[in-house]
Amino acid sequence: MRTPMLALLCLALSAGGTAAQQRLDHRRPLRADGLVRIHNLVGSTRVTGWDRDSIVVTGTIEEGGGRFYAGGGVEGVKLGVEGGLPKADASLHVVGSAPAHLEVRVPAGARVWVRAASANVEVSGVTGGIDVASVTGSIRISGTPREAVVESMAGDIVIEAADPMTVRAKSAAGAVSLSGGARDASITTVTGDITVSNGVYERGRFESIDGAIRFEGDLALAGDLEFINHGGPVELRLPANVSADFLVNTFRGEVENAFGSYPMRTGPDLRGELTFSRGSGGANVVIRTFKGRVSLKER
Amino acid sequence: MNAHPPETQLHDYVDGLLGETEQRAVERHVRACDACRAEVEALRALTARLAALPRAIAPETDLLPGIHARIRWGSVDARVSSADATLSPAAQQHRRAGVAGAPEVPPQPVRGIPGGRALSSRFDARQLVRPRRSLATAALLLVAFGAVLALLFTREPARPPIAAGAGHEPGALSPAVEFRALDARYTAAARELLAELESLEDELPPGTLDIVRENLRAIDRALDEARLATASDPGDPRLARLILAAHEKKLDLLRRAAALSVES
Amino acid sequence: MELRIPDDASGSRTGGDPDTADLVRRAQQGDLAAFDRLYAAHVDRVYALCLRMSGQREQAERLTQDAFVRAWEKLRLFRGESAFGSWLYRLAINVILEDRRADRRRTAPLDEGGDRLLAATPARTGVPDLRLDLERAIAALPPRARAVLVLYDVEGYPQEEVARMLGVAIGTVKAQLHRARKLLREMLE
C-alpha cells in the first residue's frame with residue numbers, strides 16, 4: 001500500500017504540521033438563497049439555518065479522518081471531508097476512516113444537499129430545499145423546508161415539519177417517521193416502519209413491503225391518501241368525525257374496522273374489498289395489502 | 001492562502017473547464033501552494049501521456065473471414081461454428097441487397113425471457129424489444145412498461161379476466177400473458193442492474209451491497225407470494241398492481257444504490 | 001471552452017474524401033469487396049478502441065467483428081452527414097457499451113486482461129515500457145471509470161459527448177474521470 005504523500009502534506013499544511021485531530025473554522029459569504037453541497041461520509045454533519053448571508057463551518061476531524069475542502073462562489077459552496085487515511089488499495093473508498101464532525105451554519109433560505117455513508121445528518125431551520133442521502137447514517141430534518149428529499153439504505157429518518165411540507169423519504173431497512181403534516185408526502189420502505197402523525201395531510205403515498213405503517217394524522221378536506229403494504233400491517237387512527245371515502249383491498253389480510261360494520265365484498269374480481277363512506281366524503285383513503293392486516297381505529 | 005480547492009476543481013482546472021473567475025482563483029492558490037501545484041503538474045503529465053497513446057492498433061488475428069461469415073449467414077453463432085442457420089430466400093436477398101428493410105438480428109440471446117434463446121437464432125424472428133442495458137435507461141424504460149401495465153389494468157374491474165386463447169383479438173396477447181411477460185422483463189432488468197451494481201462494488205460505500213441484497217430478498221419473497229396468488233386469480237388487476245409496485249421498489253433500490261457510487 | 005477535438009477516423013473533417021464516399025455507396029449496394037476496403041482502412045482504429053475499452057484481446061476481437069457486422073447491417077442508414085469514420089466509430093462505441101452490460105462471465109479477471117494487452121502491436125510505435133505500463137493500468141481500471149477515461153482522455157471526446165454516449169449526467173462523467181485518473185496515478189507510482 002502506497003502512502004498518499006500528498007494527502008499527508010496537505011493535512012500538515014492545514015493543521016499546522018501534525019496529523020492529529022484538526023479543528024475547523026472556515027467562513028465565506030453565501031447568498032441568502034445559495035446552494036450548499038456537503039460531502040462527509042463518516043462522523044456527523046449538523047446544518048443549521050441562520051439569518052446571515054454567510055456560511056460558517058466549525059467542527060473537528062479526527063486523526064486519519066481526511067482533509068477538509070471548500071470551494072465555490074457566492075451563489076454556491078461545495079465543501080466536505082475527503083481522503084481519509086488509511087486508504088484502501090485501488091479502491092476509492094474511505095474504508096475504516098476516522099470520523100469528521102461538521103457543524104455548518106447556512107443562510108436560512110439556502111438549498112442544502114448532504115451526502116453521508118455512516119455519518120448521522122441533522123438539518124434544521126432551512127427553508128430553501130433539502131436533499132440528503134446516507135447509507136446507514138440516521139437523518140433528522142426539522143423546520144419548514146420548501147421541499148425535502150431524504151434517502152437512506154438502512155438509516156432511520158425523522159422529519160419534524162413545523163408546517164406542512166412536500167417530502168419524499170425512502171429508506172429500505174430504516175424506519176421513517178413524519179410529523180407536522182404534508183402537502184405532498186411520499187414515503188417508502190422495504191422493512192422499515194412508517195409512522196405519520198400530528199398534522200394535516202393533503203396528499204400522501206405510504207408504501208412498504210414488511211414494515212408496519214401507522215397513520216395518526218388528520219385528513220385535509222379533499223385529501224388523498226394511499227397506503228400500500230405487502231405483509232406488514234396498515235393501521236389508521238382517525239377522529240370519529242372523519243369525512244372520507246374509503247377503499248380497502250386485501251388478498252389475505254384481515255380487516256378491522258371501527259367505523260361501522262360494512263360487508264366485505266368477495267368474489268373472483270373483488271377479493272377482500274371493502275368500500276364505505278363517512279361523513280360527506282370528500283377525502284379519499286385507499287389501502288391495499290397482500291396479507292398485511294388492516295386496522296381502522298377511532299381516536 | 002485560501003482553502004485548498006476540491007480535487008475535482010483541480011481536474012477541471014487542468015482540463016480548461018473552469019469559468020474565468022474560478023480559474024483565476026485556482027491559479028492564485030496554485031501559485032502559492034506547493035502541494036496543489038505538484039498535483040496540477042502530475043495531472044497535466046498524466047493527461048498528456050493519455051492523449052499521446054496510439055489511436056490505432058492492428059489486431060493480431062485476421063478478423064475479416066469471421067465478419068464475412070456472419071454477414072452471409074446472419075447468425076451470431078456463425079462466429080463459433082460454421083453456419084447452420086439458413087436464411088429464408090427473401091432474407092438472403094435482403095442481405096445481398098444491402099439490408100434494405102431487413103429486420104435486425106439481436107446480437108445475443110435475450111436473457112431472462114422464456115424462449116429468448118431459441119428466438120435469437122431465427123433470422124425472421126419477431127423483433128424483440130430489448131431494454132437498453134444501462135442503469136438510467138433500463139429503469140426509465142421499465143417505468144414506461146409500468147405505465148402501460150397500469151393502463152392495461154384500469155379497465156372496469158368487474159370484467160372477468162380474459163383467459164389466454166379465448167375470445168380475444170387475433171394477434172393480440174391476453175392481459176394475463178402480457179403481464180407474465182412484463183413480470184419476467186422486470187425480473188430480468190433487476191438482475192442486470194444488480195450485476196452492474198456488483199461490478200461497481202469498489203466504488204460503493206462499504207456494506208451497501210449487503211444491505212441492498214438483504215432488502216432485495218425481502219421484496220423477492222413478497223413477489224413470490226403474490227405471484228403464487230396469481231395462479232388462482234390470473235389477470236386480477238389489483239394483484240398485478242401490487243406486483244408492479246414491488247418491482248418498482250426493487251428498481252428504485254438498485255438505482256439509488258448505484259447513485260451512491262457517484263458522489264459529486 | 002473545451003479545446004479537445006477527437007481524432008476523426010477518416011482524417012478528414014469535411015464529410016469524407018471522394019474515394020470513401022464511392023466505397024460507401026458501393027458497399028451500401030451490397031459490394032462486399034468495397035466493404036472490405038473500408039474495413040482495411042478503419043479496423044486499426046476500431047480495434048484500438050475496443051481493446052482499451054474491454055481491456056483484453058479476445059473480447060476486443062469479438063467486439064471489432066460485432067462493430068463491422070453491425071456497420072454492414074446499418075450501412076443503408078448512413079447518409080453521409082458525417083465522415084464515414086466518425087459514423088463507424090460511434091457505432092463501435094455503441095456496440096462496446098451494449099456489450100459491457102451483457103454477460104459478466106465473459107469478462108476475464110483483471111490481471112489476465114493486462115497480459116493479453118501485452119500482445120497487442122500498435123500501428124505506431126511509442127516508448128515500449130512506459131506505454132505498456134500505462135495500457136496495462138488502463139485495462140485494470142473498473143469498467144465504468146475506464147470507459148470514461150478512454151473516451152475523454154485518450155479519444156478526446158468532450159465531456160458532454162461522453163455523458164450522452166454513456167447515458168449519464170455530466171457530473172457522473174467528471175466523477176468517474178477524476179477517479180480513473182487518481183487510480184491510474186496510484187497504479188503507476
# chains A, B, ... in the order shown; residues from 1 in each chain; ligands from 1
>>> residues_around(residues="Ala173 (chain A)", least_positions_apart="6", cutoff="12 Å", atoms="only C-alpha atoms", output="count of residues only")
35
>>> residues_around(residues="Tyr39 (chain C)", least_positions_apart="4", cutoff="10 Å", atoms="only C-alpha atoms", output="ChimeraX atom specification")
/B:63-64 /C:33-35,43-44,46,68,71
>>> write_last_selection(atoms="C-alpha atoms", output="JSON list (two decimals), in the first residue's frame")
[["chain", "number", "residue", "atom", "x", "y", "z"],
["B", 63, "LEU", "CA", -10.99, -10.70, -38.38],
["B", 64, "LEU", "CA", -12.39, -10.35, -41.87],
["C", 33, "ALA", "CA", -15.18, -6.00, -51.89],
["C", 34, "ALA", "CA", -15.82, -2.30, -51.35],
["C", 35, "PHE", "CA", -16.78, -3.05, -47.75],
["C", 43, "VAL", "CA", -10.07, -1.66, -38.47],
["C", 44, "ASP", "CA", -6.98, -0.50, -36.57],
["C", 46, "VAL", "CA", -11.84, 0.43, -34.15],
["C", 68, "PHE", "CA", -18.23, -4.23, -38.55],
["C", 71, "ALA", "CA", -21.90, -1.46, -39.79]]
>>> interface_residues(of="chain B", to="chain A", cutoff="7 Å", atoms="only C-alpha atoms", output="JSON, numbers by chain")
{"B": [3, 4, 5, 6, 35, 157, 158, 160, 202, 203, 205, 208, 211, 215, 219, 222, 236]}
>>> write_last_selection(atoms="C-alpha atoms", output="mmCIF file, in the first residue's frame")
data_model
loop_
_atom_site.group_PDB
_atom_site.id
_atom_site.type_symbol
_atom_site.label_atom_id
_atom_site.label_comp_id
_atom_site.auth_asym_id
_atom_site.auth_seq_id
_atom_site.Cartn_x
_atom_site.Cartn_y
_atom_site.Cartn_z
ATOM 1 C CA ALA B 3 -8.583 26.842 1.393
ATOM 2 C CA HIS B 4 -7.408 24.136 -0.991
ATOM 3 C CA PRO B 5 -9.713 23.752 -3.950
ATOM 4 C CA PRO B 6 -11.577 20.466 -4.008
ATOM 5 C CA ALA B 35 1.209 20.746 -2.752
ATOM 6 C CA PRO B 157 -62.562 -4.377 -12.517
ATOM 7 C CA ALA B 158 -65.883 -6.133 -12.888
ATOM 8 C CA PRO B 160 -63.717 -11.204 -15.769
ATOM 9 C CA ASP B 202 -15.392 -0.956 -5.168
ATOM 10 C CA GLU B 203 -16.976 2.411 -5.691
ATOM 11 C CA PRO B 205 -19.693 2.744 0.495
ATOM 12 C CA THR B 208 -24.074 -1.029 0.744
ATOM 13 C CA ILE B 211 -27.981 -4.005 2.577
ATOM 14 C CA ASN B 215 -33.727 -5.835 1.051
ATOM 15 C CA ILE B 219 -39.030 -7.839 -1.849
ATOM 16 C CA ALA B 222 -43.164 -10.736 -1.308
ATOM 17 C CA ASP B 236 -56.511 -9.833 -11.289
#
>>> interface_residues(of="chain C", to="chain A", cutoff="12 Å", atoms="only C-alpha atoms", output="PyMOL selection string")
chain C and resi 137+140-142+145+175-176+178-189
>>> residues_around(residues="Thr195 (chain A)", least_positions_apart="5", cutoff="12 Å", atoms="only C-alpha atoms", output="ChimeraX atom specification")
/A:156-160,169,174-181,187-189,206-208,211-217,227,233-237
>>> write_last_selection(atoms="N, CA and C atoms", output="short mmCIF file (atom, residue, chain, number, x, y, z; two decimals), in the first residue's frame")
data_model
loop_
_atom_site.label_atom_id
_atom_site.label_comp_id
_atom_site.auth_asym_id
_atom_site.auth_seq_id
_atom_site.Cartn_x
_atom_site.Cartn_y
_atom_site.Cartn_z
N ASP A 156 -32.34 5.39 9.91
CA ASP A 156 -33.67 5.88 10.27
C ASP A 156 -33.81 7.32 9.80
N ILE A 157 -35.01 7.70 9.50
CA ILE A 157 -35.28 9.07 9.05
C ILE A 157 -36.37 9.66 9.93
N VAL A 158 -36.13 10.83 10.47
CA VAL A 158 -37.14 11.52 11.27
C VAL A 158 -37.34 12.89 10.66
N ILE A 159 -38.58 13.20 10.32
CA ILE A 159 -38.87 14.51 9.74
C ILE A 159 -39.90 15.18 10.61
N GLU A 160 -39.54 16.34 11.15
CA GLU A 160 -40.46 17.09 12.00
C GLU A 160 -40.72 18.41 11.32
N ALA A 169 -39.41 10.55 1.11
CA ALA A 169 -38.48 9.89 2.01
C ALA A 169 -38.43 8.41 1.68
N GLY A 174 -34.40 1.17 7.22
CA GLY A 174 -34.58 2.08 8.34
C GLY A 174 -36.03 2.47 8.51
N ALA A 175 -36.38 2.99 9.68
CA ALA A 175 -37.74 3.44 9.94
C ALA A 175 -37.87 4.91 9.55
N VAL A 176 -39.04 5.28 9.09
CA VAL A 176 -39.26 6.67 8.71
C VAL A 176 -40.41 7.22 9.52
N SER A 177 -40.22 8.39 10.11
CA SER A 177 -41.31 8.99 10.84
C SER A 177 -41.48 10.43 10.38
N LEU A 178 -42.71 10.80 10.12
CA LEU A 178 -43.04 12.13 9.61
C LEU A 178 -44.08 12.74 10.52
N SER A 179 -43.84 13.97 10.96
CA SER A 179 -44.86 14.64 11.76
C SER A 179 -44.93 16.08 11.32
N GLY A 180 -46.09 16.70 11.54
CA GLY A 180 -46.24 18.11 11.19
C GLY A 180 -47.08 18.33 9.96
N GLY A 181 -47.50 17.30 9.32
CA GLY A 181 -48.37 17.49 8.16
C GLY A 181 -47.60 17.56 6.87
N ILE A 187 -43.59 8.26 1.13
CA ILE A 187 -42.64 7.55 1.99
C ILE A 187 -42.64 6.09 1.61
N THR A 188 -41.45 5.56 1.37
CA THR A 188 -41.41 4.15 1.04
C THR A 188 -40.26 3.43 1.74
N THR A 189 -40.56 2.25 2.24
CA THR A 189 -39.53 1.44 2.88
C THR A 189 -39.68 0.01 2.39
N PHE A 206 -47.87 6.06 1.06
CA PHE A 206 -47.02 5.41 2.06
C PHE A 206 -46.95 3.93 1.74
N GLU A 207 -45.74 3.46 1.45
CA GLU A 207 -45.62 2.10 0.93
C GLU A 207 -44.56 1.32 1.67
N SER A 208 -44.82 0.06 1.93
CA SER A 208 -43.76 -0.77 2.47
C SER A 208 -43.96 -2.19 1.98
N GLY A 211 -42.74 -3.57 6.53
CA GLY A 211 -42.74 -2.67 7.68
C GLY A 211 -44.16 -2.37 8.13
N ALA A 212 -44.30 -1.87 9.35
CA ALA A 212 -45.63 -1.51 9.86
C ALA A 212 -45.90 -0.06 9.51
N ILE A 213 -47.03 0.19 8.89
CA ILE A 213 -47.41 1.57 8.54
C ILE A 213 -48.47 2.03 9.53
N ARG A 214 -48.25 3.21 10.08
CA ARG A 214 -49.18 3.72 11.09
C ARG A 214 -49.43 5.18 10.80
N PHE A 215 -50.72 5.54 10.72
CA PHE A 215 -51.09 6.92 10.42
C PHE A 215 -51.97 7.44 11.53
N GLU A 216 -51.57 8.58 12.11
CA GLU A 216 -52.36 9.16 13.19
C GLU A 216 -52.60 10.64 12.96
N GLY A 217 -52.48 11.05 11.71
CA GLY A 217 -52.64 12.47 11.46
C GLY A 217 -54.07 12.82 11.11
N PHE A 227 -52.18 3.86 1.03
CA PHE A 227 -51.31 3.03 1.86
C PHE A 227 -51.16 1.68 1.18
N PRO A 233 -48.47 -4.60 8.52
CA PRO A 233 -49.81 -4.09 8.81
C PRO A 233 -49.96 -2.61 8.42
N VAL A 234 -51.19 -2.21 8.20
CA VAL A 234 -51.52 -0.81 8.00
C VAL A 234 -52.54 -0.42 9.05
N GLU A 235 -52.20 0.56 9.86
CA GLU A 235 -53.11 0.98 10.92
C GLU A 235 -53.39 2.46 10.80
N LEU A 236 -54.65 2.82 10.74
CA LEU A 236 -55.05 4.23 10.70
C LEU A 236 -55.82 4.55 11.95
N ARG A 237 -55.44 5.59 12.65
CA ARG A 237 -56.19 6.08 13.81
C ARG A 237 -56.78 7.42 13.44
#
>>> closest_residue(among="A:Ile130, A:Met165, A:Ala148, A:Ala100", to="Gln22 (chain A)", atoms="only C-alpha atoms")
A:Ala100
>>> atom_distance(atom1="CA of Gly232 (chain A)", atom2="CA of Arg293 (chain A)")
7.1 Å
>>> atom_distance(atom1="CA of Pro263 (chain A)", atom2="CA of Leu221 (chain A)")
25.9 Å
>>> closest_residue(among="B:Pro54, B:Leu43, B:Thr21, B:Cys33", to="Glu7 (chain B)", atoms="only C-alpha atoms")
B:Leu43
>>> residues_around(residues="Ile243 (chain B)", least_positions_apart="4", cutoff="12 Å", atoms="only C-alpha atoms", output="PyMOL selection string")
(chain A and resi 209+228-230+288-290) or (chain B and resi 146+149-150+179-180+182-184+186-187+219-230+235-239+247-250)
>>> residues_around(residues="Ser142 (chain A)", least_positions_apart="2", cutoff="8 Å", atoms="only C-alpha atoms", output="list of chain:residue names")
A:Val123, A:Ser124, A:Gly125, A:Arg140, A:Thr144, A:Ile159, A:Glu160, A:Ala161, A:Ala162
>>> atom_distance(atom1="CA of Arg44 (chain B)", atom2="CA of Asp15 (chain B)")
8.6 Å
>>> closest_residue(among="B:Ala245, B:Ile67, B:Ala195, B:Ala231", to="Val69 (chain C)", atoms="only C-alpha atoms")
B:Ile67
>>> closest_residue(among="C:Ala21, C:Leu38, C:Leu149, C:Val95", to="Ala67 (chain C)", atoms="only C-alpha atoms")
C:Val95
>>> closest_residue(among="B:Arg255, B:Arg31, B:Arg49, B:Arg24", to="chain C", atoms="only C-alpha atoms")
B:Arg49
>>> residues_around(residues="Glu122 (chain A)", least_positions_apart="6", cutoff="7 Å", atoms="only C-alpha atoms", output="ChimeraX atom specification")
/A:45-47,139-141
>>> residues_around(residues="Ala48 (chain C)", least_positions_apart="5", cutoff="7 Å", atoms="only C-alpha atoms", output="ChimeraX atom specification")
/B:55-57
>>> write_last_selection(atoms="C-alpha atoms", output="PDB file, in the first residue's frame")
ATOM      1  CA  ARG B  55      -5.111   5.570 -31.579  1.00  0.00           C
ATOM      2  CA  ALA B  56      -4.687   2.662 -33.964  1.00  0.00           C
ATOM      3  CA  ILE B  57      -3.654  -0.859 -33.060  1.00  0.00           C
TER       4      ILE B  57
END
